[in-house]
Structure formats: C-alpha cells, structure tokens
Amino acid sequence: MKILNLIRLAIRALQRNKLRALLTMLGIIIGVASVITMMSIGEGSKQSINASLSSMGSNMITIMPQSNEPGGARMMGSNLKSLTYADVETLEKDAPNIALISPLASSSGQVISGANNWPTTIQGVSPEYLDIRKLTVKDGIVFSAQDVKSSAKVCLLGKTVVDNLFPNGESPLGKIIRFGKIPMQVIGVLSPKGTSNFGQDQDDIILAPYTTVQKRVLSSIYFSQIYASAITEAASDAAVDEATTVLRVSHRLRATEQDDFQIRTQAELMTMLNSTSSMMTALLTAVASISLVIGGIGIMNIMYVSVTERTREIGLRMSIGARGIDILLQFLIEAIMISITGGVIGVVLGITAAFAIPMALNWPTVISESSIVISFLVCAITGIFFGYYPAVKASNLDPIEALRYE
C-alpha cells in the first residue's frame, strides 16, 4: 500500500513537469530505440546470410588454387594454376563422400546480341554445377554431357543478361549471342536468384560447358575453382579430408610442403560470416548503448535538481513522520518511472524502425524478444543506478534544515 502511495506521488511529481520529464527521457528513448533497431538489423542480416548460403547448398564444398610459396615467394592470385581436369577425375574416383563435382572456368567480357550488348561473366561448368549451386532452368534445357565433350557453343543466360540483351521481352531461346568473338546458341534461361548478401547480382551470368570456355574463350587447361557437394551436410568434413588427401597425392606434394589449394565448406563460410555479423552487431549496439548512459546521466541531473527544488517539501514530509527510507523510495521510484516510461516509448519507436527499415532501405530485420527484454532491463537498471544517489541525498536531509531552505 505504501509503495502504491509512493507511485502515485511520483506520478504527480512527473505530471507537474511534463516537458522536463519528456526531455529527461529523451536519451533513454533514443538509446532503447537504437539498441532494438541495431539488434534487429544484426539478427536480420545473420538470418539472411544463413538463408542465402543454405540456398546455395549447405553441403557445398569449394576448392580454389592457392600459392604454396615456392622459394618463399607468394604468387599473385591470377597466376595460381594448380587445378586441372585430372583433379576432377581423381576426386570423382577416390573421394566417396563427394556426390557431385563440377569444375569452373570463368572469364569476363562483353556479350552481344544484335544492337544490344552487356558486360558480364561467363562461367564454364558441367551440368552438375546447377544441382550443386541449387540453380534451376526457367525456360529451355540444360546443356548435356555430350555438349561438354564436344565443346558445344551453347549457353544458359541469367535474368539480368536476358533483360539487357532482349529488352523488348522476346524469348532468347534459340537465338545466337556472341561472347567476345565466340557465337553461342541460347538453349536455356536460369530462374532468377536476386542479389546476394555480398551485393552481387547472381543473375548477371552466362553458363556454358567448361570445355567451351576453356578452349574457345580462355585457351587454358586450368580451372579457377572446383565445386563439389558432399553426400550429406554431416559428411562435409569427411569429404574435405578426402579431397585434401586426394589432391595432395595428385599434386605430388611432399609432407613438408604446404597445400597448393584451399578447401572451404559452407559451414565454415557461414560461421565466419555469422561471426563477423555478430561482431558488427555488438559494436553498433555498444555505440547505441552510449545513449542509454547519457540518458541515465540526464536522469541523475534532473533528480538532483528536483531534490533541490523540493527540499522544503522533503522537510515537511519528514516533520510529520516520513522516514528517510520513504523519501529515498519516493525519489528512486520517480527515477525508475522516468527511465521505464522512456524505455516503453523507445521500444515502440525501435519496433517501428525495425519494420520501416526493410521497406525504406531493403535491409532485412528480425526483432528478437531478447533485444526488447534486455533493453527494458537496462532501462530499469539505469533508473536505479542513476536515481539512487539523488534519492540518498534527499533521504539524508535534516528536516529542520530542509524546512529552513529558501
């Protein structure tokens, strides 16, 4: 009952200075809204990254050439040539935990159709690449193993390439396009994938048989990458171990020599990106939390002013029987109410911002219950921490001196 009376007194005190109370809450409001917004952006980014990587194949394995620093000199990335079709054949034969495998040879250049042209990337792959990367064909067909064997001049186009080469909406199927000086027949159109989390347009792509790209575009026997998928996600680590052993034997590396290739799994990439995302979220949340500290200092300042202004009131209450603990609780409750009211407004603004950001900036956000609970708890703690010292000062006043205060 006594607590209810103290709450009523605190509400009346705040109502007497509404504008000052609102300005005092401002730091808390901004802090709570910022923390919830930052955490929702971080969680949204994390879930978006996981979804994007899963859509590429959660059991996908990527093998890339890597310098083994011959003679202590590290070579440039463009000069790394260690992956050939012999590696693909060896992996297919000696790595039982690998289900599908596709080499990749890529080149950038201008693709032309009639009067239209577009700068893009052509990727030379095997038909298995589409299953490994979870790509599907919207119209037409996929090139066959026979097309790969004969280095056929056929290709599949991504949506961005189609939109730029055939802006009037005509079907590209059966049409001849030229990549550089190489004419190719369009036999299929890929289903759109959109922009990746790294800002890459996944539809700005041409797929062709890897033999076609190697012989007719690059004039090279080397691959820039080898894509594979483990038989299951759980078998990814075993597949990596097998691939490492197989490639070291295939490349005739001695025990003391470093690998001239590197292997990455989706799980590793997911862990690395989630770690980066969590670190950025923590950093942004820490920056946003500064507003809470500033808001707390504002509460302390206003409470000190309030104690000074109401010194005679405090003296009067003490003279009619109020104890020091009653005065302390009264001012502490006022500080907590300011903080929690600011926290409630901040939560509403934070949730509103989290809903508005995807519409305005196209950034994914996910509001987590933990961000609201943490923000609210921080508000209550802030109110108690920064309101305690002014409340103690008020409770320690001498009633006689307080009544004499002008």
# chains A, B, ... in the order shown; residues from 1 in each chain; ligands from 1
$ residues_around --residues "range 108-123 of chain A" --least-positions-apart "5" --cutoff "9 Å" --atoms "only C-alpha atoms" --output "PDB file with C-alpha atoms, in the first residue's frame"
ATOM      1  CA  VAL A 161      21.665 -10.754 -69.166  1.00  0.00           C
ATOM      2  CA  ASN A 164      19.732  -6.317 -71.224  1.00  0.00           C
ATOM      3  CA  LEU A 165      20.132  -8.281 -74.451  1.00  0.00           C
ATOM      4  CA  PHE A 166      16.423  -8.739 -75.128  1.00  0.00           C
ATOM      5  CA  PRO A 167      14.801  -5.616 -73.629  1.00  0.00           C
ATOM      6  CA  LYS A 175      18.970 -17.040 -80.549  1.00  0.00           C
ATOM      7  CA  ILE A 176      22.672 -16.652 -81.272  1.00  0.00           C
ATOM      8  CA  ILE A 177      24.647 -14.346 -78.992  1.00  0.00           C
ATOM      9  CA  ARG A 178      28.360 -13.574 -79.086  1.00  0.00           C
ATOM     10  CA  PHE A 179      30.664 -13.546 -76.064  1.00  0.00           C
ATOM     11  CA  GLY A 180      33.669 -11.685 -77.379  1.00  0.00           C
ATOM     12  CA  ASP A 204      24.255 -11.436 -64.208  1.00  0.00           C
ATOM     13  CA  ILE A 205      25.779 -14.632 -65.533  1.00  0.00           C
ATOM     14  CA  ILE A 206      26.175 -16.903 -68.556  1.00  0.00           C
ATOM     15  CA  LEU A 207      26.699 -20.646 -68.055  1.00  0.00           C
ATOM     16  CA  ALA A 208      28.357 -22.735 -70.759  1.00  0.00           C
ATOM     17  CA  PRO A 209      30.155 -26.105 -70.927  1.00  0.00           C
ATOM     18  CA  TYR A 210      33.543 -25.763 -69.245  1.00  0.00           C
ATOM     19  CA  VAL A 213      35.052 -21.724 -72.132  1.00  0.00           C
TER      20      VAL A 213
END
$ residues_around --residues "Pro390 in chain A" --least-positions-apart "6" --cutoff "9 Å" --atoms "only C-alpha atoms" --output "PyMOL selection string"
chain A and resi 300-301+303-307+328+331-332
$ residues_around --residues "Leu316 in chain A" --least-positions-apart "6" --cutoff "8 Å" --atoms "only C-alpha atoms" --output "list in words"
Pro399, Ala402 and Leu403 of chain A
$ residues_around --residues "Ile28 in chain A" --least-positions-apart "6" --cutoff "7 Å" --atoms "only C-alpha atoms" --output "PDB file with N, CA, C and O atoms, in the first residue's frame"
ATOM      1  N   SER A 291      23.885   6.129 -25.694  1.00  0.00           N
ATOM      2  CA  SER A 291      22.721   6.996 -25.471  1.00  0.00           C
ATOM      3  C   SER A 291      22.045   6.670 -24.151  1.00  0.00           C
ATOM      4  O   SER A 291      21.507   7.557 -23.475  1.00  0.00           O
ATOM      5  N   LEU A 292      22.058   5.369 -23.783  1.00  0.00           N
ATOM      6  CA  LEU A 292      21.446   4.981 -22.506  1.00  0.00           C
ATOM      7  C   LEU A 292      22.218   5.579 -21.336  1.00  0.00           C
ATOM      8  O   LEU A 292      21.630   6.041 -20.350  1.00  0.00           O
ATOM      9  N   GLY A 295      21.423   9.162 -21.255  1.00  0.00           N
ATOM     10  CA  GLY A 295      20.082   9.301 -20.696  1.00  0.00           C
ATOM     11  C   GLY A 295      20.093   9.139 -19.190  1.00  0.00           C
ATOM     12  O   GLY A 295      19.402   9.866 -18.466  1.00  0.00           O
ATOM     13  N   SER A 339      12.732   6.429 -16.321  1.00  0.00           N
ATOM     14  CA  SER A 339      13.530   5.527 -17.153  1.00  0.00           C
ATOM     15  C   SER A 339      12.652   4.498 -17.878  1.00  0.00           C
ATOM     16  O   SER A 339      12.810   4.266 -19.081  1.00  0.00           O
ATOM     17  N   GLY A 342      10.435   6.091 -20.552  1.00  0.00           N
ATOM     18  CA  GLY A 342      11.277   6.333 -21.727  1.00  0.00           C
ATOM     19  C   GLY A 342      11.582   5.033 -22.452  1.00  0.00           C
ATOM     20  O   GLY A 342      11.610   4.990 -23.687  1.00  0.00           O
ATOM     21  N   GLY A 343      11.780   3.960 -21.668  1.00  0.00           N
ATOM     22  CA  GLY A 343      12.060   2.660 -22.273  1.00  0.00           C
ATOM     23  C   GLY A 343      10.889   2.147 -23.099  1.00  0.00           C
ATOM     24  O   GLY A 343      11.076   1.619 -24.199  1.00  0.00           O
TER      25      GLY A 343
END
$ select_by_dssp --residues "range 120-362 of chain A" --states "strand (DSSP E or B)" --output "count of residues only"
44
$ residues_around --residues "Ile61 in chain A" --least-positions-apart "2" --cutoff "7 Å" --atoms "only C-alpha atoms" --output "MDAnalysis selection string"
chainID A and resid 59 63 227:229 263:266
$ select_by_dssp --residues "range 68-207 of chain A" --states "helix (DSSP H, G or I)" --output "MDAnalysis selection string"
chainID A and resid 70:72 77:79 85:94 128:132 145:149 159:165
$ closest_residue --among "A:Ile36, A:Val125, A:Leu4, A:Leu173" --to "Thr281 in chain A" --atoms "only C-alpha atoms"
A:Ile36
$ closest_residue --among "A:Phe376, A:Ala354, A:Ala243, A:Ile381" --to "Glu43 in chain A" --atoms "only C-alpha atoms"
A:Ala354
$ closest_residue --among "A:Val217, A:Val35, A:Leu53, A:Leu135" --to "Met270 in chain A" --atoms "only C-alpha atoms"
A:Leu53
$ decode --residues "range 253-301 of chain A" --atoms "N, CA and C atoms" --output "PDB file, in the first residue's frame"
ATOM      1  N   LEU A 253      52.643 -33.511 -53.603  1.00  0.00           N
ATOM      2  CA  LEU A 253      53.195 -32.629 -52.576  1.00  0.00           C
ATOM      3  C   LEU A 253      53.875 -33.476 -51.506  1.00  0.00           C
ATOM      4  N   ARG A 254      55.067 -33.063 -51.114  1.00  0.00           N
ATOM      5  CA  ARG A 254      55.768 -33.767 -50.032  1.00  0.00           C
ATOM      6  C   ARG A 254      55.129 -33.372 -48.689  1.00  0.00           C
ATOM      7  N   ALA A 255      55.423 -34.180 -47.661  1.00  0.00           N
ATOM      8  CA  ALA A 255      54.813 -33.957 -46.346  1.00  0.00           C
ATOM      9  C   ALA A 255      55.140 -32.578 -45.793  1.00  0.00           C
ATOM     10  N   THR A 256      56.311 -32.053 -46.156  1.00  0.00           N
ATOM     11  CA  THR A 256      56.747 -30.752 -45.625  1.00  0.00           C
ATOM     12  C   THR A 256      56.190 -29.577 -46.440  1.00  0.00           C
ATOM     13  N   GLU A 257      55.595 -29.867 -47.584  1.00  0.00           N
ATOM     14  CA  GLU A 257      55.093 -28.787 -48.444  1.00  0.00           C
ATOM     15  C   GLU A 257      53.668 -28.402 -48.085  1.00  0.00           C
ATOM     16  N   GLN A 258      53.399 -27.112 -48.242  1.00  0.00           N
ATOM     17  CA  GLN A 258      52.041 -26.626 -47.989  1.00  0.00           C
ATOM     18  C   GLN A 258      51.123 -27.028 -49.148  1.00  0.00           C
ATOM     19  N   ASP A 259      49.813 -27.031 -48.865  1.00  0.00           N
ATOM     20  CA  ASP A 259      48.839 -27.280 -49.927  1.00  0.00           C
ATOM     21  C   ASP A 259      48.923 -26.179 -50.981  1.00  0.00           C
ATOM     22  N   ASP A 260      48.782 -26.544 -52.256  1.00  0.00           N
ATOM     23  CA  ASP A 260      48.692 -25.519 -53.305  1.00  0.00           C
ATOM     24  C   ASP A 260      47.229 -25.315 -53.702  1.00  0.00           C
ATOM     25  N   PHE A 261      46.354 -25.597 -52.758  1.00  0.00           N
ATOM     26  CA  PHE A 261      44.903 -25.399 -52.949  1.00  0.00           C
ATOM     27  C   PHE A 261      44.304 -25.126 -51.573  1.00  0.00           C
ATOM     28  N   GLN A 262      43.119 -24.580 -51.564  1.00  0.00           N
ATOM     29  CA  GLN A 262      42.398 -24.415 -50.298  1.00  0.00           C
ATOM     30  C   GLN A 262      40.961 -24.880 -50.479  1.00  0.00           C
ATOM     31  N   ILE A 263      40.426 -25.464 -49.434  1.00  0.00           N
ATOM     32  CA  ILE A 263      39.073 -26.015 -49.495  1.00  0.00           C
ATOM     33  C   ILE A 263      38.212 -25.329 -48.448  1.00  0.00           C
ATOM     34  N   ARG A 264      37.052 -24.870 -48.857  1.00  0.00           N
ATOM     35  CA  ARG A 264      36.120 -24.197 -47.957  1.00  0.00           C
ATOM     36  C   ARG A 264      34.760 -24.887 -48.012  1.00  0.00           C
ATOM     37  N   THR A 265      34.138 -25.037 -46.859  1.00  0.00           N
ATOM     38  CA  THR A 265      32.774 -25.581 -46.820  1.00  0.00           C
ATOM     39  C   THR A 265      31.800 -24.444 -46.524  1.00  0.00           C
ATOM     40  N   GLN A 266      30.539 -24.686 -46.795  1.00  0.00           N
ATOM     41  CA  GLN A 266      29.527 -23.681 -46.500  1.00  0.00           C
ATOM     42  C   GLN A 266      29.448 -23.423 -44.991  1.00  0.00           C
ATOM     43  N   ALA A 267      29.653 -24.486 -44.200  1.00  0.00           N
ATOM     44  CA  ALA A 267      29.582 -24.324 -42.739  1.00  0.00           C
ATOM     45  C   ALA A 267      30.653 -23.358 -42.255  1.00  0.00           C
ATOM     46  N   GLU A 268      31.868 -23.479 -42.826  1.00  0.00           N
ATOM     47  CA  GLU A 268      32.959 -22.571 -42.447  1.00  0.00           C
ATOM     48  C   GLU A 268      32.606 -21.135 -42.829  1.00  0.00           C
ATOM     49  N   LEU A 269      32.097 -20.988 -44.064  1.00  0.00           N
ATOM     50  CA  LEU A 269      31.735 -19.651 -44.536  1.00  0.00           C
ATOM     51  C   LEU A 269      30.620 -19.062 -43.684  1.00  0.00           C
ATOM     52  N   MET A 270      29.656 -19.936 -43.334  1.00  0.00           N
ATOM     53  CA  MET A 270      28.527 -19.482 -42.517  1.00  0.00           C
ATOM     54  C   MET A 270      29.010 -19.039 -41.133  1.00  0.00           C
ATOM     55  N   THR A 271      29.907 -19.820 -40.545  1.00  0.00           N
ATOM     56  CA  THR A 271      30.440 -19.479 -39.226  1.00  0.00           C
ATOM     57  C   THR A 271      31.218 -18.168 -39.276  1.00  0.00           C
ATOM     58  N   MET A 272      32.027 -18.023 -40.332  1.00  0.00           N
ATOM     59  CA  MET A 272      32.845 -16.813 -40.461  1.00  0.00           C
ATOM     60  C   MET A 272      31.964 -15.572 -40.638  1.00  0.00           C
ATOM     61  N   LEU A 273      30.953 -15.670 -41.523  1.00  0.00           N
ATOM     62  CA  LEU A 273      30.091 -14.516 -41.770  1.00  0.00           C
ATOM     63  C   LEU A 273      29.224 -14.197 -40.557  1.00  0.00           C
ATOM     64  N   ASN A 274      28.738 -15.256 -39.874  1.00  0.00           N
ATOM     65  CA  ASN A 274      27.938 -15.018 -38.666  1.00  0.00           C
ATOM     66  C   ASN A 274      28.772 -14.369 -37.579  1.00  0.00           C
ATOM     67  N   SER A 275      30.043 -14.791 -37.487  1.00  0.00           N
ATOM     68  CA  SER A 275      30.935 -14.194 -36.501  1.00  0.00           C
ATOM     69  C   SER A 275      31.148 -12.714 -36.801  1.00  0.00           C
ATOM     70  N   THR A 276      31.359 -12.415 -38.087  1.00  0.00           N
ATOM     71  CA  THR A 276      31.546 -11.013 -38.491  1.00  0.00           C
ATOM     72  C   THR A 276      30.282 -10.204 -38.217  1.00  0.00           C
ATOM     73  N   SER A 277      29.130 -10.804 -38.575  1.00  0.00           N
ATOM     74  CA  SER A 277      27.856 -10.118 -38.357  1.00  0.00           C
ATOM     75  C   SER A 277      27.623  -9.862 -36.869  1.00  0.00           C
ATOM     76  N   SER A 278      27.925 -10.867 -36.025  1.00  0.00           N
ATOM     77  CA  SER A 278      27.721 -10.707 -34.580  1.00  0.00           C
ATOM     78  C   SER A 278      28.629  -9.629 -34.020  1.00  0.00           C
ATOM     79  N   MET A 279      29.872  -9.592 -34.541  1.00  0.00           N
ATOM     80  CA  MET A 279      30.816  -8.581 -34.065  1.00  0.00           C
ATOM     81  C   MET A 279      30.335  -7.171 -34.428  1.00  0.00           C
ATOM     82  N   MET A 280      29.851  -7.011 -35.657  1.00  0.00           N
ATOM     83  CA  MET A 280      29.352  -5.699 -36.091  1.00  0.00           C
ATOM     84  C   MET A 280      28.112  -5.307 -35.297  1.00  0.00           C
ATOM     85  N   THR A 281      27.233  -6.291 -35.036  1.00  0.00           N
ATOM     86  CA  THR A 281      26.028  -6.011 -34.249  1.00  0.00           C
ATOM     87  C   THR A 281      26.403  -5.574 -32.839  1.00  0.00           C
ATOM     88  N   ALA A 282      27.376  -6.275 -32.241  1.00  0.00           N
ATOM     89  CA  ALA A 282      27.805  -5.921 -30.889  1.00  0.00           C
ATOM     90  C   ALA A 282      28.413  -4.523 -30.867  1.00  0.00           C
ATOM     91  N   LEU A 283      29.185  -4.209 -31.912  1.00  0.00           N
ATOM     92  CA  LEU A 283      29.815  -2.886 -31.982  1.00  0.00           C
ATOM     93  C   LEU A 283      28.765  -1.785 -32.101  1.00  0.00           C
ATOM     94  N   LEU A 284      27.807  -1.989 -33.024  1.00  0.00           N
ATOM     95  CA  LEU A 284      26.758  -0.980 -33.215  1.00  0.00           C
ATOM     96  C   LEU A 284      25.876  -0.854 -31.971  1.00  0.00           C
ATOM     97  N   THR A 285      25.601  -2.001 -31.320  1.00  0.00           N
ATOM     98  CA  THR A 285      24.781  -1.962 -30.108  1.00  0.00           C
ATOM     99  C   THR A 285      25.509  -1.225 -28.993  1.00  0.00           C
ATOM    100  N   ALA A 286      26.831  -1.434 -28.914  1.00  0.00           N
ATOM    101  CA  ALA A 286      27.616  -0.726 -27.896  1.00  0.00           C
ATOM    102  C   ALA A 286      27.572   0.774 -28.134  1.00  0.00           C
ATOM    103  N   VAL A 287      27.677   1.164 -29.423  1.00  0.00           N
ATOM    104  CA  VAL A 287      27.606   2.600 -29.747  1.00  0.00           C
ATOM    105  C   VAL A 287      26.226   3.151 -29.369  1.00  0.00           C
ATOM    106  N   ALA A 288      25.174   2.369 -29.706  1.00  0.00           N
ATOM    107  CA  ALA A 288      23.811   2.815 -29.383  1.00  0.00           C
ATOM    108  C   ALA A 288      23.604   2.885 -27.870  1.00  0.00           C
ATOM    109  N   SER A 289      24.281   2.000 -27.125  1.00  0.00           N
ATOM    110  CA  SER A 289      24.112   1.975 -25.667  1.00  0.00           C
ATOM    111  C   SER A 289      24.647   3.231 -25.000  1.00  0.00           C
ATOM    112  N   ILE A 290      25.528   3.954 -25.707  1.00  0.00           N
ATOM    113  CA  ILE A 290      26.059   5.203 -25.139  1.00  0.00           C
ATOM    114  C   ILE A 290      24.916   6.161 -24.846  1.00  0.00           C
ATOM    115  N   SER A 291      23.885   6.129 -25.694  1.00  0.00           N
ATOM    116  CA  SER A 291      22.721   6.996 -25.471  1.00  0.00           C
ATOM    117  C   SER A 291      22.045   6.670 -24.151  1.00  0.00           C
ATOM    118  N   LEU A 292      22.058   5.369 -23.783  1.00  0.00           N
ATOM    119  CA  LEU A 292      21.446   4.981 -22.506  1.00  0.00           C
ATOM    120  C   LEU A 292      22.218   5.579 -21.336  1.00  0.00           C
ATOM    121  N   VAL A 293      23.546   5.575 -21.445  1.00  0.00           N
ATOM    122  CA  VAL A 293      24.371   6.152 -20.383  1.00  0.00           C
ATOM    123  C   VAL A 293      24.108   7.664 -20.290  1.00  0.00           C
ATOM    124  N   ILE A 294      24.057   8.307 -21.475  1.00  0.00           N
ATOM    125  CA  ILE A 294      23.779   9.746 -21.490  1.00  0.00           C
ATOM    126  C   ILE A 294      22.392  10.015 -20.900  1.00  0.00           C
ATOM    127  N   GLY A 295      21.423   9.162 -21.255  1.00  0.00           N
ATOM    128  CA  GLY A 295      20.082   9.301 -20.696  1.00  0.00           C
ATOM    129  C   GLY A 295      20.093   9.139 -19.190  1.00  0.00           C
ATOM    130  N   GLY A 296      20.894   8.186 -18.690  1.00  0.00           N
ATOM    131  CA  GLY A 296      20.995   7.980 -17.250  1.00  0.00           C
ATOM    132  C   GLY A 296      21.591   9.178 -16.537  1.00  0.00           C
ATOM    133  N   ILE A 297      22.615   9.767 -17.163  1.00  0.00           N
ATOM    134  CA  ILE A 297      23.216  10.977 -16.572  1.00  0.00           C
ATOM    135  C   ILE A 297      22.200  12.110 -16.540  1.00  0.00           C
ATOM    136  N   GLY A 298      21.373  12.182 -17.604  1.00  0.00           N
ATOM    137  CA  GLY A 298      20.312  13.193 -17.639  1.00  0.00           C
ATOM    138  C   GLY A 298      19.331  12.995 -16.498  1.00  0.00           C
ATOM    139  N   ILE A 299      18.989  11.732 -16.233  1.00  0.00           N
ATOM    140  CA  ILE A 299      18.065  11.432 -15.123  1.00  0.00           C
ATOM    141  C   ILE A 299      18.685  11.861 -13.794  1.00  0.00           C
ATOM    142  N   MET A 300      19.949  11.542 -13.610  1.00  0.00           N
ATOM    143  CA  MET A 300      20.629  11.909 -12.359  1.00  0.00           C
ATOM    144  C   MET A 300      20.625  13.430 -12.176  1.00  0.00           C
ATOM    145  N   ASN A 301      20.924  14.133 -13.257  1.00  0.00           N
ATOM    146  CA  ASN A 301      20.981  15.592 -13.190  1.00  0.00           C
ATOM    147  C   ASN A 301      19.628  16.183 -12.801  1.00  0.00           C
TER     148      ASN A 301
END
